[in-house]
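Text of work.txt (compact mmCIF, C-alpha atoms and all ligand atoms) as supplied:
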```txt
# COMPACT_ATOMS: atom_id res chain seq x y z
CA PRO A 1 -27.12 9.47 30.58
CA PHE A 2 -30.51 7.76 30.86
CA ASP A 3 -32.84 7.46 27.90
CA VAL A 4 -35.78 7.62 30.30
CA LEU A 5 -35.42 8.93 33.84
CA VAL A 6 -38.49 8.47 36.04
CA ILE A 7 -38.85 10.67 39.09
CA GLY A 8 -41.12 9.02 41.68
CA GLY A 9 -41.61 5.34 42.45
CA GLY A 10 -45.34 4.91 42.98
CA PRO A 11 -47.59 2.91 40.62
CA ALA A 12 -47.22 5.52 37.86
CA GLY A 13 -43.42 5.58 38.07
CA ALA A 14 -43.08 1.80 38.33
CA ALA A 15 -45.29 1.28 35.28
CA ALA A 16 -43.40 3.94 33.32
CA ALA A 17 -40.04 2.33 34.14
CA ILE A 18 -41.18 -1.17 33.19
CA TYR A 19 -42.61 0.00 29.87
CA ALA A 20 -39.39 1.91 29.08
CA ALA A 21 -37.02 -0.87 30.13
CA ARG A 22 -38.93 -3.38 28.00
CA LYS A 23 -37.90 -1.30 24.98
CA GLY A 24 -34.29 -2.08 25.85
CA ILE A 25 -33.38 1.51 26.62
CA ARG A 26 -31.46 2.88 29.63
CA THR A 27 -34.01 3.49 32.34
CA GLY A 28 -33.67 4.87 35.85
CA ILE A 29 -36.03 5.67 38.72
CA ALA A 30 -35.20 8.14 41.47
CA ALA A 31 -37.75 7.94 44.28
CA GLU A 32 -37.93 9.46 47.69
CA ARG A 33 -39.83 6.38 48.88
CA PHE A 34 -40.41 3.57 46.40
CA GLY A 35 -44.05 2.49 46.56
CA GLY A 36 -45.48 5.92 47.27
CA GLN A 37 -48.97 6.16 48.70
CA VAL A 38 -49.48 2.43 48.20
CA LEU A 39 -47.08 1.81 51.09
CA ASP A 40 -49.57 3.55 53.39
CA THR A 41 -52.53 1.52 52.18
CA MET A 42 -53.86 -1.43 54.13
CA SER A 43 -56.45 -3.19 52.09
CA ILE A 44 -56.69 -2.85 48.28
CA GLU A 45 -59.75 -4.40 46.64
CA ASN A 46 -59.91 -2.59 43.30
CA PHE A 47 -56.64 -3.65 41.70
CA ILE A 48 -58.25 -5.46 38.83
CA SER A 49 -57.71 -9.23 38.70
CA VAL A 50 -56.41 -9.24 42.30
CA GLN A 51 -59.43 -9.50 44.57
CA HIS A 52 -57.60 -8.46 47.70
CA THR A 53 -54.08 -7.34 48.50
CA GLU A 54 -52.26 -5.08 50.89
CA GLY A 55 -50.19 -2.01 50.07
CA PRO A 56 -46.78 -3.28 51.20
CA LYS A 57 -47.37 -6.55 49.35
CA LEU A 58 -48.28 -4.78 46.10
CA VAL A 59 -45.20 -2.57 46.50
CA ALA A 60 -42.95 -5.65 46.94
CA ASN A 61 -44.43 -7.10 43.74
CA MET A 62 -43.90 -3.80 41.91
CA GLU A 63 -40.29 -3.68 43.05
CA GLN A 64 -39.64 -7.26 41.91
CA HIS A 65 -41.20 -6.53 38.54
CA VAL A 66 -39.05 -3.41 38.10
CA ALA A 67 -35.91 -5.28 39.20
CA GLU A 68 -36.49 -7.95 36.56
CA TYR A 69 -35.65 -5.43 33.83
CA GLY A 70 -32.41 -4.01 35.12
CA VAL A 71 -33.92 -0.63 35.85
CA ASP A 72 -31.46 1.51 37.82
CA LEU A 73 -33.56 2.04 40.98
CA MET A 74 -32.29 4.87 43.16
CA ASN A 75 -34.48 4.71 46.24
CA LEU A 76 -34.50 7.25 49.09
CA GLN A 77 -33.47 9.98 46.66
CA ARG A 78 -35.40 13.22 46.60
CA ALA A 79 -35.33 15.34 43.45
CA GLU A 80 -34.94 19.03 44.19
CA ARG A 81 -34.53 20.66 40.83
CA LEU A 82 -35.35 20.02 37.19
CA ILE A 83 -33.19 21.77 34.62
CA PRO A 84 -34.73 21.22 31.18
CA ALA A 85 -32.51 20.81 28.12
CA ARG A 86 -31.64 24.11 26.50
CA GLU A 87 -32.16 22.86 22.96
CA GLU A 88 -34.37 20.14 21.51
CA GLY A 89 -32.69 16.75 21.84
CA GLY A 90 -30.32 18.00 24.55
CA LEU A 91 -30.02 16.44 27.98
CA HIS A 92 -32.33 17.29 30.87
CA GLU A 93 -30.82 17.42 34.33
CA VAL A 94 -32.34 16.46 37.68
CA ARG A 95 -30.54 17.50 40.85
CA LEU A 96 -31.05 15.34 43.93
CA ALA A 97 -31.04 16.39 47.57
CA SER A 98 -27.98 14.17 48.04
CA GLY A 99 -26.05 16.54 45.77
CA ALA A 100 -25.96 14.09 42.86
CA SER A 101 -27.07 15.13 39.39
CA LEU A 102 -28.74 12.85 36.85
CA LYS A 103 -28.93 13.46 33.11
CA ALA A 104 -31.51 12.06 30.73
CA ARG A 105 -32.85 12.40 27.21
CA THR A 106 -36.43 12.19 28.49
CA VAL A 107 -37.86 12.59 31.99
CA ILE A 108 -41.15 11.25 33.36
CA LEU A 109 -42.42 13.11 36.42
CA SER A 110 -44.54 10.91 38.69
CA THR A 111 -44.07 12.36 42.16
CA GLY A 112 -47.68 11.75 43.17
CA ALA A 113 -49.68 13.63 45.75
CA ARG A 114 -50.58 13.62 49.42
CA TRP A 115 -53.94 13.99 51.14
CA ARG A 116 -54.26 17.10 53.26
CA GLN A 117 -54.82 16.06 56.86
CA MET A 118 -56.98 17.66 59.55
CA ASN A 119 -54.10 17.57 62.02
CA VAL A 120 -56.30 16.81 65.02
CA PRO A 121 -55.65 14.34 67.85
CA GLY A 122 -56.60 10.78 66.92
CA GLU A 123 -56.39 11.27 63.15
CA GLU A 124 -52.98 9.64 62.77
CA ALA A 125 -53.63 6.95 65.41
CA TYR A 126 -56.83 5.80 63.67
CA ARG A 127 -55.58 6.12 60.08
CA ASN A 128 -56.72 2.95 58.24
CA LYS A 129 -58.71 2.08 61.39
CA GLY A 130 -61.72 4.15 60.44
CA VAL A 131 -59.99 7.32 59.25
CA THR A 132 -59.58 7.25 55.48
CA TYR A 133 -58.99 9.62 52.59
CA CYS A 134 -60.34 7.65 49.64
CA PRO A 135 -64.07 6.96 49.17
CA HIS A 136 -63.53 4.97 45.94
CA CYS A 137 -61.08 2.72 47.80
CA ASP A 138 -62.66 2.30 51.21
CA GLY A 139 -66.36 3.16 50.82
CA PRO A 140 -67.45 -0.48 50.55
CA LEU A 141 -65.69 -1.30 53.84
CA PHE A 142 -68.29 0.84 55.64
CA ARG A 143 -71.41 -0.75 54.17
CA GLY A 144 -74.31 -0.30 56.58
CA LYS A 145 -72.24 1.81 59.00
CA ARG A 146 -72.28 5.47 60.03
CA VAL A 147 -69.64 7.77 58.58
CA ALA A 148 -68.66 11.41 58.42
CA VAL A 149 -67.20 13.24 55.46
CA ILE A 150 -64.98 16.17 56.38
CA GLY A 151 -65.06 18.95 53.77
CA GLY A 152 -67.85 20.48 51.71
CA GLY A 153 -66.02 21.20 48.47
CA ASN A 154 -66.67 19.18 45.32
CA SER A 155 -64.72 16.14 46.49
CA GLY A 156 -66.40 16.11 49.92
CA VAL A 157 -69.91 16.43 48.50
CA GLU A 158 -69.18 13.85 45.76
CA ALA A 159 -67.90 11.50 48.47
CA ALA A 160 -71.01 12.05 50.59
CA ILE A 161 -73.32 11.30 47.63
CA ASP A 162 -71.29 8.22 46.73
CA LEU A 163 -71.20 6.94 50.33
CA ALA A 164 -74.90 7.61 50.97
CA GLY A 165 -75.66 4.76 48.58
CA LEU A 166 -73.52 2.34 50.58
CA VAL A 167 -73.54 3.27 54.24
CA ALA A 168 -76.36 3.73 56.77
CA HIS A 169 -75.77 7.41 57.44
CA VAL A 170 -73.47 10.22 56.35
CA THR A 171 -72.72 13.40 58.30
CA LEU A 172 -71.00 16.02 56.15
CA ILE A 173 -68.97 18.50 58.15
CA GLU A 174 -67.97 21.83 56.64
CA PHE A 175 -65.75 24.40 58.37
CA ASP A 176 -67.24 27.38 56.53
CA THR A 177 -70.76 28.77 56.75
CA ASP A 178 -71.67 27.28 53.34
CA LEU A 179 -70.75 24.31 51.19
CA ARG A 180 -68.43 25.20 48.32
CA ALA A 181 -69.43 22.37 45.95
CA ASP A 182 -71.18 22.99 42.62
CA ALA A 183 -74.90 23.76 42.97
CA VAL A 184 -75.94 20.61 41.09
CA LEU A 185 -74.02 18.47 43.59
CA GLN A 186 -75.50 20.35 46.52
CA ARG A 187 -79.03 19.80 45.17
CA LYS A 188 -78.34 16.09 44.79
CA LEU A 189 -76.95 15.94 48.32
CA ALA A 190 -79.98 17.74 49.77
CA SER A 191 -82.29 15.17 48.16
CA LEU A 192 -80.72 12.24 50.02
CA PRO A 193 -82.58 11.07 53.11
CA ASN A 194 -79.61 9.63 55.00
CA VAL A 195 -77.29 12.64 54.84
CA LYS A 196 -77.00 15.40 57.40
CA VAL A 197 -74.96 18.54 56.70
CA ILE A 198 -73.35 20.50 59.53
CA THR A 199 -71.73 23.82 58.56
CA SER A 200 -69.52 26.18 60.59
CA ALA A 201 -68.10 23.15 62.33
CA MET A 202 -64.48 22.52 63.17
CA THR A 203 -63.47 18.93 63.80
CA THR A 204 -61.36 18.90 66.96
CA GLU A 205 -60.70 15.23 67.68
CA VAL A 206 -61.09 11.68 66.40
CA VAL A 207 -61.96 9.27 69.18
CA GLY A 208 -61.95 5.48 69.30
CA ASP A 209 -61.75 2.39 71.44
CA GLY A 210 -58.06 1.83 70.80
CA ASP A 211 -58.71 -0.42 67.80
CA ARG A 212 -61.26 1.45 65.69
CA VAL A 213 -62.82 4.87 65.31
CA ALA A 214 -65.88 5.35 67.52
CA GLY A 215 -66.70 9.00 66.88
CA LEU A 216 -65.55 12.54 66.43
CA HIS A 217 -65.74 15.81 68.31
CA TYR A 218 -66.45 19.12 66.67
CA LYS A 219 -66.84 22.70 67.73
CA ASP A 220 -69.73 24.86 66.55
CA ARG A 221 -67.85 27.93 65.31
CA HIS A 222 -70.86 30.23 65.84
CA HIS A 223 -71.69 29.37 69.41
CA GLY A 224 -68.40 27.89 70.54
CA THR A 225 -70.20 24.78 71.80
CA LEU A 226 -68.63 21.33 71.66
CA HIS A 227 -70.45 18.35 70.15
CA GLN A 228 -69.86 14.66 69.70
CA ILE A 229 -70.98 12.25 66.95
CA GLU A 230 -70.87 8.48 67.21
CA LEU A 231 -69.76 6.79 64.01
CA GLU A 232 -67.52 4.12 62.53
CA GLY A 233 -65.77 5.93 59.69
CA ILE A 234 -64.35 9.34 58.80
CA PHE A 235 -63.56 10.32 55.20
CA VAL A 236 -61.26 13.34 55.13
CA GLN A 237 -61.81 15.30 51.89
CA ILE A 238 -60.04 18.60 52.39
CA GLY A 239 -57.70 18.43 49.44
CA LEU A 240 -55.12 16.39 47.56
CA VAL A 241 -51.82 18.24 47.30
CA PRO A 242 -49.59 17.38 44.31
CA ASN A 243 -45.87 16.96 45.09
CA THR A 244 -44.73 19.69 42.70
CA GLU A 245 -43.21 22.29 45.02
CA TRP A 246 -39.82 21.48 43.44
CA LEU A 247 -41.14 22.05 39.90
CA LYS A 248 -42.34 25.63 40.21
CA ASP A 249 -40.95 27.77 37.36
CA THR A 250 -40.25 24.77 35.10
CA VAL A 251 -43.22 22.80 33.72
CA ALA A 252 -46.65 24.42 33.53
CA LEU A 253 -48.76 23.76 36.63
CA THR A 254 -52.41 24.54 37.33
CA LEU A 255 -53.38 26.87 40.17
CA ARG A 256 -53.72 23.80 42.38
CA GLY A 257 -50.18 22.76 41.50
CA GLU A 258 -51.01 19.83 39.23
CA ILE A 259 -48.75 19.28 36.20
CA GLU A 260 -50.70 20.04 33.03
CA VAL A 261 -50.55 17.08 30.66
CA ASP A 262 -52.18 16.21 27.36
CA ASP A 263 -53.59 12.80 26.52
CA ARG A 264 -50.07 11.45 25.87
CA GLY A 265 -48.67 12.63 29.18
CA GLU A 266 -46.74 15.46 27.52
CA THR A 267 -46.03 18.49 29.70
CA SER A 268 -45.38 22.03 28.50
CA LEU A 269 -41.70 21.12 27.88
CA PRO A 270 -40.55 18.84 25.04
CA GLY A 271 -39.08 15.57 26.29
CA ILE A 272 -40.58 15.99 29.77
CA PHE A 273 -43.62 13.82 30.50
CA ALA A 274 -45.74 13.31 33.60
CA ALA A 275 -48.15 10.69 34.93
CA GLY A 276 -50.32 9.76 37.88
CA ASP A 277 -51.66 11.72 40.84
CA VAL A 278 -49.22 14.59 40.24
CA THR A 279 -50.99 15.50 36.96
CA THR A 280 -54.30 16.99 35.88
CA VAL A 281 -55.65 13.54 34.98
CA PRO A 282 -58.90 13.05 36.89
CA PHE A 283 -59.52 10.22 39.38
CA LYS A 284 -56.53 9.38 41.52
CA GLN A 285 -56.34 5.59 41.67
CA ILE A 286 -53.69 2.88 41.40
CA VAL A 287 -54.92 1.40 38.12
CA VAL A 288 -55.34 4.87 36.65
CA ALA A 289 -51.80 5.86 37.70
CA MET A 290 -50.37 2.65 36.21
CA GLY A 291 -52.21 3.22 32.95
CA GLU A 292 -51.04 6.82 32.76
CA GLY A 293 -47.45 5.81 33.60
CA SER A 294 -47.43 3.26 30.79
CA LYS A 295 -48.88 5.82 28.40
CA ALA A 296 -46.33 8.51 29.28
CA SER A 297 -43.54 5.96 28.86
CA LEU A 298 -44.71 4.95 25.39
CA ALA A 299 -44.99 8.63 24.49
CA ALA A 300 -41.42 9.19 25.75
CA PHE A 301 -40.23 6.30 23.57
CA ASP A 302 -42.06 7.77 20.61
CA HIS A 303 -40.32 11.07 21.28
CA LEU A 304 -36.88 9.39 21.56
CA ILE A 305 -37.07 7.59 18.24
CA ARG A 306 -37.79 10.88 16.53
CA LEU A 307 -34.80 12.72 18.00
CA PRO A 308 -31.84 13.36 15.70
CA VAL A 309 -29.13 10.70 16.05
CA PRO A 310 -26.55 12.14 18.51
P1 LIG A 401 -47.64 8.10 44.52
O1 LIG A 401 -48.14 6.77 44.91
O2 LIG A 401 -47.97 9.27 45.38
O3 LIG A 401 -46.05 7.98 44.40
C1 LIG A 401 -45.24 9.11 44.28
C2 LIG A 401 -43.78 8.72 44.29
O4 LIG A 401 -42.98 9.88 44.10
C3 LIG A 401 -43.29 8.12 45.61
O5 LIG A 401 -42.30 7.17 45.35
C4 LIG A 401 -42.69 9.34 46.31
O6 LIG A 401 -41.73 9.00 47.31
C5 LIG A 401 -42.02 10.00 45.14
N1 LIG A 401 -41.68 11.42 45.29
C6 LIG A 401 -42.44 12.46 45.69
N2 LIG A 401 -41.74 13.61 45.63
C7 LIG A 401 -40.51 13.29 45.16
C8 LIG A 401 -39.32 14.03 44.85
N3 LIG A 401 -39.25 15.35 44.99
N4 LIG A 401 -38.23 13.33 44.40
C9 LIG A 401 -38.26 12.00 44.22
N5 LIG A 401 -39.36 11.26 44.49
C10 LIG A 401 -40.47 11.90 44.94
N6 LIG A 401 -55.97 3.69 45.07
C11 LIG A 401 -56.61 2.57 44.64
O7 LIG A 401 -56.72 2.38 43.42
N7 LIG A 401 -57.09 1.65 45.52
C12 LIG A 401 -56.98 1.78 46.87
O8 LIG A 401 -57.44 0.94 47.64
C13 LIG A 401 -56.31 2.93 47.37
N8 LIG A 401 -56.19 3.15 48.68
C14 LIG A 401 -55.47 4.23 49.13
C15 LIG A 401 -55.28 4.37 50.49
C16 LIG A 401 -54.52 5.41 50.99
C17 LIG A 401 -54.28 5.51 52.49
C18 LIG A 401 -53.97 6.37 50.08
C19 LIG A 401 -53.13 7.51 50.60
C20 LIG A 401 -54.20 6.26 48.73
C21 LIG A 401 -54.94 5.18 48.23
N9 LIG A 401 -55.19 5.02 46.86
C22 LIG A 401 -55.82 3.89 46.41
C23 LIG A 401 -54.70 6.01 45.87
C24 LIG A 401 -53.41 5.50 45.21
O9 LIG A 401 -52.51 5.10 46.21
C25 LIG A 401 -52.80 6.60 44.34
O10 LIG A 401 -53.72 7.00 43.35
C26 LIG A 401 -51.53 6.11 43.63
O11 LIG A 401 -50.57 5.64 44.56
C27 LIG A 401 -50.90 7.22 42.79
O12 LIG A 401 -49.73 6.76 42.21
P2 LIG A 401 -48.57 7.74 41.75
O13 LIG A 401 -47.49 6.85 41.26
O14 LIG A 401 -49.13 8.76 40.86
O15 LIG A 401 -48.11 8.53 43.07
```

Translate this file's structure into structure tokens.
Ligand code: FAD
Amino acid sequence: PFDVLVIGGGPAGAAAAIYAARKGIRTGIAAERFGGQVLDTMSIENFISVQHTEGPKLVANMEQHVAEYGVDLMNLQRAERLIPAREEGGLHEVRLASGASLKARTVILSTGARWRQMNVPGEEAYRNKGVTYCPHCDGPLFRGKRVAVIGGGNSGVEAAIDLAGLVAHVTLIEFDTDLRADAVLQRKLASLPNVKVITSAMTTEVVGDGDRVAGLHYKDRHHGTLHQIELEGIFVQIGLVPNTEWLKDTVALTLRGEIEVDDRGETSLPGIFAAGDVTTVPFKQIVVAMGEGSKASLAAFDHLIRLPVP
């Protein structure tokens, strides 16, 4: 069995595995797609001490770093079921879609999250070419340009406020008749001169020149009329969905499906830890996920050395 079994191979999982393996204990990673969201990222400019890199390059570096420590990396393996140990100190089991079953004394869950998409024509084609999901990551790339934020919940309105300080103009598009963000955020938004809010609007298409986004089309849901906005960037903020469907009925999740963790990455079950975008930890970023992964791994080690000798 593994001492530490990491499920998920994004920045959180890679960091957790490296920290565990450096303790000289048996460490494994099972990941559906090693690299996670970072594989889908073009330009990364906030990975501290590296001024600029690209997702696939960072993933290759992560993989090399993991490989240096003899971590058992099981890529292209999807976990389907977690069966926690029945008694303290017993073995946890993780069943994979391939039919295999892995056993471990501690498990670190780091299956990440995915951005909810609009599912309209042009969105996929212009992803990373004007369509983006992360204002903290890509906001500065649109300095002085015109952008739209799709979604009027807290994350959409926060993004619009954030972007208004960087870009020339922000159009916030909300499907419903009202914004759903906290009142204090809405007041702040209303005070900004370069933000326009459009409610009851359904985005229907992202358009571009073949290389870059040039605008979007939306439908006025009251009057049924079609409209067009010219712009250079679209920030989609309609939700981040944690990859925890397979964990229902095991560890405690919030209503939004995030794994509840304490400040050591402990979940509701002893010996099961979690880190990164899949958890309740705020701010979903690479450096945050790596920090949380390292922390959960050290907490798992702490847990292991306290277990009765088998
Ligand atoms: P993830 O990266 O989501 O990794 C999850 C891992 O779990 C993957 O290996 C996945 O295959 C695996 N997995 C999922 N389900 C299962 C399962 N059932 N069984 C086994 N494995 C499973 N952050 C920045 O700091 N800077 C940026 O510039 C930046 N740009 C971004 C651009 C884009 C397009 C996106 C989508 C995100 C960006 N982010 C950026 C956010 C950053 O990528 C995430 O915060 C970070 O990757 C989270 O790491 P994680 O390890 O928690 O999860």

Would you mind listing the residues within 6 Å of ligand LIG 401 (chain A), counting all atoms listed in the file, as a ChimeraX atom specification? /A:7-13,30-38,40-41,44-46,77-80,110-113,134,137,243,276-278,284-287,289

Work out how far apart CA of Ala299 (chain A) and CA of Val251 (chain A) are and give it in Å to one decimal.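 Straight-line distance from CA of Ala299 (chain A) to CA of Val251 (chain A) works out to 17.0 Å.
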
Got a sec: who's within 10 Å of Ala15 (chain A), counting all atoms listed in the file, leaving out chain neighbours fewer than 4 positions off, as a list of chain:residue names?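 Residues meeting the cut-off are A:Val6, A:Gly9, A:Gly10, A:Pro11, A:Tyr19, A:Ala20, A:Ala21, A:Met62, A:His65, A:Val66, A:Ala275, A:Ala289, A:Met290, A:Gly291, A:Glu292, A:Gly293, A:Ser294, A:Lys295, A:Ala296, A:Ser297.
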
Store the residues picked out above in a file with C-alpha atoms, as a JSON list (two decimals), in the coordinates of the input.
```
[["chain", "number", "residue", "atom", "x", "y", "z"],
["A", 6, "VAL", "CA", -38.49, 8.47, 36.04],
["A", 9, "GLY", "CA", -41.61, 5.34, 42.45],
["A", 10, "GLY", "CA", -45.34, 4.91, 42.98],
["A", 11, "PRO", "CA", -47.59, 2.91, 40.62],
["A", 19, "TYR", "CA", -42.61, 0.00, 29.87],
["A", 20, "ALA", "CA", -39.39, 1.91, 29.08],
["A", 21, "ALA", "CA", -37.02, -0.87, 30.13],
["A", 62, "MET", "CA", -43.90, -3.80, 41.91],
["A", 65, "HIS", "CA", -41.20, -6.53, 38.54],
["A", 66, "VAL", "CA", -39.05, -3.41, 38.10],
["A", 275, "ALA", "CA", -48.15, 10.69, 34.93],
["A", 289, "ALA", "CA", -51.80, 5.86, 37.70],
["A", 290, "MET", "CA", -50.37, 2.65, 36.21],
["A", 291, "GLY", "CA", -52.21, 3.22, 32.95],
["A", 292, "GLU", "CA", -51.04, 6.82, 32.76],
["A", 293, "GLY", "CA", -47.45, 5.81, 33.60],
["A", 294, "SER", "CA", -47.43, 3.26, 30.79],
["A", 295, "LYS", "CA", -48.88, 5.82, 28.40],
["A", 296, "ALA", "CA", -46.33, 8.51, 29.28],
["A", 297, "SER", "CA", -43.54, 5.96, 28.86]]
```

Selected residue of minimal separation from Pro308 (chain A) among A:Gly233, A:Arg105, A:Ser268, A:Ala97, counting all atoms listed in the file: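 Checking each candidate against Pro308 (chain A), we get A:Arg105 as the closest.
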
Any idea what the distance is between CA of Ala201 (chain A) and CA of Gly122 (chain A)?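 Going from CA of Ala201 (chain A) over to CA of Gly122 (chain A) covers 17.5 Å.
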
How many Å lie between CA of Val281 (chain A) and CA of Thr171 (chain A), rounded to one decimal?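 If I compute the distance from CA of Val281 (chain A) to CA of Thr171 (chain A), I get 28.9 Å.
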
Residues at most 12 Å from Ser155 (chain A), counting only C-alpha atoms, excluding those fewer than 2 positions away in the same chain, as a PyMOL selection string? chain A and resi 115+133-136+149-153+157-163+172+179-182+185-186+235-240+282-284

Pick out the closest residue to Ile198 (chain A) from this set: A:Lys219, A:His303, A:Arg114, A:Arg212. Count all atoms listed in the file.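 Nearest to Ile198 (chain A): A:Lys219.
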
Taking only C-alpha atoms into account, which of A:His223, A:Arg86, A:Arg116, A:Lys188 comes nearest Pro270 (chain A)?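 Closest candidate: A:Arg86.
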
Quick one: residues within 10 Å of Pro193 (chain A), all atoms listed in the file, excluding same-chain residues fewer than 5 positions away - as a ChimeraX atom specification? /A:164,169-170

Could the residues in this selection be saved with C-alpha atoms as a PDB file, keeping the file's coordinate frame?
```pdb
ATOM      1  CA  ALA A 164     -74.900   7.610  50.970  1.00  0.00           C
ATOM      2  CA  HIS A 169     -75.770   7.410  57.440  1.00  0.00           C
ATOM      3  CA  VAL A 170     -73.470  10.220  56.350  1.00  0.00           C
TER       4      VAL A 170
END
```

Looking at only C-alpha atoms, which of A:Leu141, A:Leu307, A:Val261, A:Val94 is the one that sits closest to Ser43 (chain A)?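 Between A:Leu141, A:Leu307, A:Val261, A:Val94, the residue approaching Ser43 (chain A) most closely is A:Leu141.
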
For a cut-off of 9 Å around (-42.6, 20.8, 43.1), file coordinates, pick out all residues using only C-alpha atoms and list them as JSON, numbers by chain. {"A": [80, 81, 111, 242, 243, 244, 245, 246, 247, 248, 257]}

Write a file of the selected residues as a PDB file, in the frame of the given file, keeping C-alpha atoms.
```
ATOM      1  CA  GLU A  80     -34.940  19.030  44.190  1.00  0.00           C
ATOM      2  CA  ARG A  81     -34.530  20.660  40.830  1.00  0.00           C
ATOM      3  CA  THR A 111     -44.070  12.360  42.160  1.00  0.00           C
ATOM      4  CA  PRO A 242     -49.590  17.380  44.310  1.00  0.00           C
ATOM      5  CA  ASN A 243     -45.870  16.960  45.090  1.00  0.00           C
ATOM      6  CA  THR A 244     -44.730  19.690  42.700  1.00  0.00           C
ATOM      7  CA  GLU A 245     -43.210  22.290  45.020  1.00  0.00           C
ATOM      8  CA  TRP A 246     -39.820  21.480  43.440  1.00  0.00           C
ATOM      9  CA  LEU A 247     -41.140  22.050  39.900  1.00  0.00           C
ATOM     10  CA  LYS A 248     -42.340  25.630  40.210  1.00  0.00           C
ATOM     11  CA  GLY A 257     -50.180  22.760  41.500  1.00  0.00           C
TER      12      GLY A 257
END
```
